[in-house]
Each structure stands twice: as C-alpha cells, then as structure tokens.
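Q: Mind having a look at this structure? Questions to follow.
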Amino acid sequence: MRRHNQSQGKLLLLLFVFLSVCSIIPVKEGMAQVWTSPIVSSPLLDGQLKGQLCMLLISVMLLSACFCLAPSPTKKYFRPGDIRALVHEENLIGLKPKTGETWLQVGTSFTFVITFVTAAVTYMQLVQAKHEVFWYSLFSNSGWIVFLAISNSFVEEVIFRLSFIVVLDGMMSPRSIWAVSSLVFGGLHYFGMPGGVAGVLMAAFLAFLLSKSITETRGLFWAWFIHFLQDFVIFTALFIS
C-alpha cells in the first residue's frame, strides 16, 4: 500500500513538473499582456518583473508539491550540499577530473569558463543583430538585474533540475536524469538569449553539468551559483541593448 501511494505521488508530481515546464515560455512572454497594471514605468523591466513574479509563484508551488509528494529526495537535494564533494568522470561532457579533485575546484573553474563563454556569445549575438548598446542602463538597473538573475536562476533550477531529479529518483539512472534535463532545457533555449544552435548547445551542456553537481554534492549550491552568474550576464545584455 505504501509503495502504491508513493507511485501515485510520483505520477502526480510528474504532472506538476510537466505543467511547470510548459508554463515557462507562455508566462514569461505573455504575462505583461494579461497583467496590464504597471509595476514600474519601464516597459522592459515591467514585463520581466511580472513574468518573474509569476514564475516564482509556480516554482514555489512545485517545490511544495515535491516536499509533499516526494519528501525524502527533496530533503536530500534541497540544501546547499557538500561543495567539496568528489567529482566523478563524465565522458559525455568531457569532464575528466584528477584523482581526488572536488567540486570546489571543478565548480570554481567552470564558473569562470562558462561565464566567459556566455558573455562572449551573448555579446557576439548583440553585435550581429546590430543592437545599439546603452551602458548607462547597466548602472541604473543594476539592482533589478541582480534580483532578476537570482529569481530566474532559482526558478529554473527548481523546475528543470531539482524537480527532475526528485521525480525521476529511483526510476532512472542519475546519468539518464541529467540527459533528460539537458534535452529539455537545451531545446527551450533555441529562442532564448543566447539563442539559436549555440544557445541550445550551451544550455544543454550547462543543464547536464548542473544536474550532475546537484546529484554528486547532494545540494543546489553550485547549480544555483553558476546559473545565477549566467543569468546576470544575460539580463545585463538585455537591459543594455
């Protein structure tokens, strides 16, 4: 009976995850048309804030569902985790750590490398699109950029990483779960920033790596931190262009 209830809980949670994933693009892109009363005077910032606030609500609801329907794996992974946990080799993304190398070393290295690549690709796409750059917007909107980066990275880590790991725990191998997160997250970034094939490949790689970090460290620290920095770069590009 207990196993049957657990299976029903996982199926219900899987439905919540599916609905949350499907809501990402419509909510982010269309909330400004539904929620017509402005929060701030800037149309760009107003639209971003409305989308983020709604997605925060959805992610908190999904997280609550995870705690209710799959409490054991949720408690296991919804915490900072061991940031010095050992890193295991993964040939699929070319990760070959030295003997005894930890996530403190690998996470720090990837933080710099991935953030540099994201900044470079984003800047090249801005130049290619011939967008005029307004650097003063960086200073006037810096607080909002930090808030949006924190919010968006939390939302996407809960929906695309934590919930996938929680709901598929015991049903698939960790590597398969990382691959599912990679495919879904990468595919949805075709129309993102950076977008196109480059955006898909970058997002897919990032999703696989961050899912792996959550599983091996049993926590969200590296996933949320690295993701936050990428979103900071992306929101900065959005506001200066």
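Labeling convention for the structure tokens: chains A, B, ... as they appear, residues from 1 per chain, ligands from 1 in order of appearance.
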Could the residues of stretch 12-32 of chain A that have an atom at most 12 Å from stretch 150-155 of chain A be listed as a tab-separated table, each with its closest atom pair and the distance in Å to one decimal, counting only C-alpha atoms and ordered by chain and ascending residue number?
A:
```
residue	atom	partner	partner_atom	distance
A:Ser20	CA	A:Val155	CA	10.1
A:Val21	CA	A:Val155	CA	10.5
A:Ser23	CA	A:Val155	CA	11.8
A:Ile24	CA	A:Val155	CA	9.5
A:Lys28	CA	A:Asn152	CA	10.3
```
Q: If you run DSSP on the backbone here, which positions in stretch 28-194 of chain A get helix (DSSP H, G or I)? Please write them as a PyMOL selection string.
A: chain A and resi 28-34+43-69+71-77+91-93+103-128+136-140+142-168+174-188
Q: Have a look at atom CA of A:Gly195 and atom CA of A:Leu238 and let me know their distance in Å, one decimal.
A: 12.7 Å
Q: Nearest to A:Lys76: which of A:Phe225, A:Met31, A:Met124, A:Gly219 is it, counting only C-alpha atoms?
A: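 Among the listed residues, the smallest separation from A:Lys76 belongs to A:Gly219.
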Q: At a cut-off of 9 Å, using only C-alpha atoms, what residues contact A:Gln48? Leave out same-chain residues fewer than 5 positions from it and give the result as an mmCIF file with N, CA and C atoms, in the first residue's frame.
A:
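Full text of selection-v3.cif as output:
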```
data_model
loop_
_atom_site.group_PDB
_atom_site.id
_atom_site.type_symbol
_atom_site.label_atom_id
_atom_site.label_comp_id
_atom_site.auth_asym_id
_atom_site.auth_seq_id
_atom_site.Cartn_x
_atom_site.Cartn_y
_atom_site.Cartn_z
ATOM 1 N N LYS A 28 6.395 33.817 -19.113
ATOM 2 C CA LYS A 28 7.435 34.835 -19.250
ATOM 3 C C LYS A 28 7.143 35.809 -20.388
ATOM 4 N N GLU A 29 6.603 35.286 -21.487
ATOM 5 C CA GLU A 29 6.401 36.124 -22.669
ATOM 6 C C GLU A 29 5.057 36.847 -22.663
ATOM 7 N N MET A 31 2.799 37.399 -19.791
ATOM 8 C CA MET A 31 2.211 37.918 -18.567
ATOM 9 C C MET A 31 1.965 39.423 -18.629
ATOM 10 N N ALA A 32 2.817 40.150 -19.331
ATOM 11 C CA ALA A 32 2.647 41.601 -19.427
ATOM 12 C C ALA A 32 1.342 41.969 -20.126
ATOM 13 N N PRO A 43 8.759 49.715 -19.591
ATOM 14 C CA PRO A 43 8.040 48.570 -20.160
ATOM 15 C C PRO A 43 8.853 47.268 -20.125
ATOM 16 N N LEU A 53 7.793 37.205 -11.238
ATOM 17 C CA LEU A 53 6.970 37.033 -10.038
ATOM 18 C C LEU A 53 6.003 35.860 -10.196
ATOM 19 N N LEU A 148 16.548 39.898 -10.796
ATOM 20 C CA LEU A 148 16.034 39.037 -11.862
ATOM 21 C C LEU A 148 16.918 37.814 -12.061
#
```
Q: Please list as a compact mmCIF listing (two decimals) with N, CA and C atoms, in the first residue's frame every residue within 12 Å of A:Ser42, counting only C-alpha atoms and excluding residues in the same chain fewer than 4 positions away.
A:
```txt
# COMPACT_ATOMS: atom_id res chain seq x y z
N ALA A 32 2.82 40.15 -19.33
CA ALA A 32 2.65 41.60 -19.43
C ALA A 32 1.34 41.97 -20.13
N PRO A 38 0.78 48.50 -14.54
CA PRO A 38 2.25 48.53 -14.47
C PRO A 38 2.77 48.50 -13.04
N ASP A 46 9.12 46.17 -16.49
CA ASP A 46 7.78 45.80 -16.04
C ASP A 46 7.41 44.40 -16.52
N GLY A 47 7.67 44.12 -17.81
CA GLY A 47 7.36 42.80 -18.35
C GLY A 47 8.19 41.71 -17.71
N GLN A 48 9.48 41.98 -17.48
CA GLN A 48 10.36 41.00 -16.85
C GLN A 48 9.93 40.71 -15.41
N LEU A 49 9.58 41.75 -14.68
CA LEU A 49 9.17 41.57 -13.29
C LEU A 49 7.88 40.76 -13.18
N SER A 137 22.48 52.01 -18.86
CA SER A 137 21.37 51.20 -18.34
C SER A 137 21.85 50.17 -17.33
N SER A 140 21.88 52.08 -13.92
CA SER A 140 20.55 52.47 -13.43
C SER A 140 19.67 51.28 -13.10
N ASN A 141 19.98 50.11 -13.69
CA ASN A 141 19.15 48.92 -13.46
C ASN A 141 19.91 47.79 -12.76
N TRP A 144 17.94 45.73 -10.16
CA TRP A 144 16.93 44.89 -10.77
C TRP A 144 17.56 43.71 -11.51
N PHE A 239 19.29 44.46 -20.85
CA PHE A 239 19.00 45.84 -20.45
C PHE A 239 19.89 46.87 -21.14
```
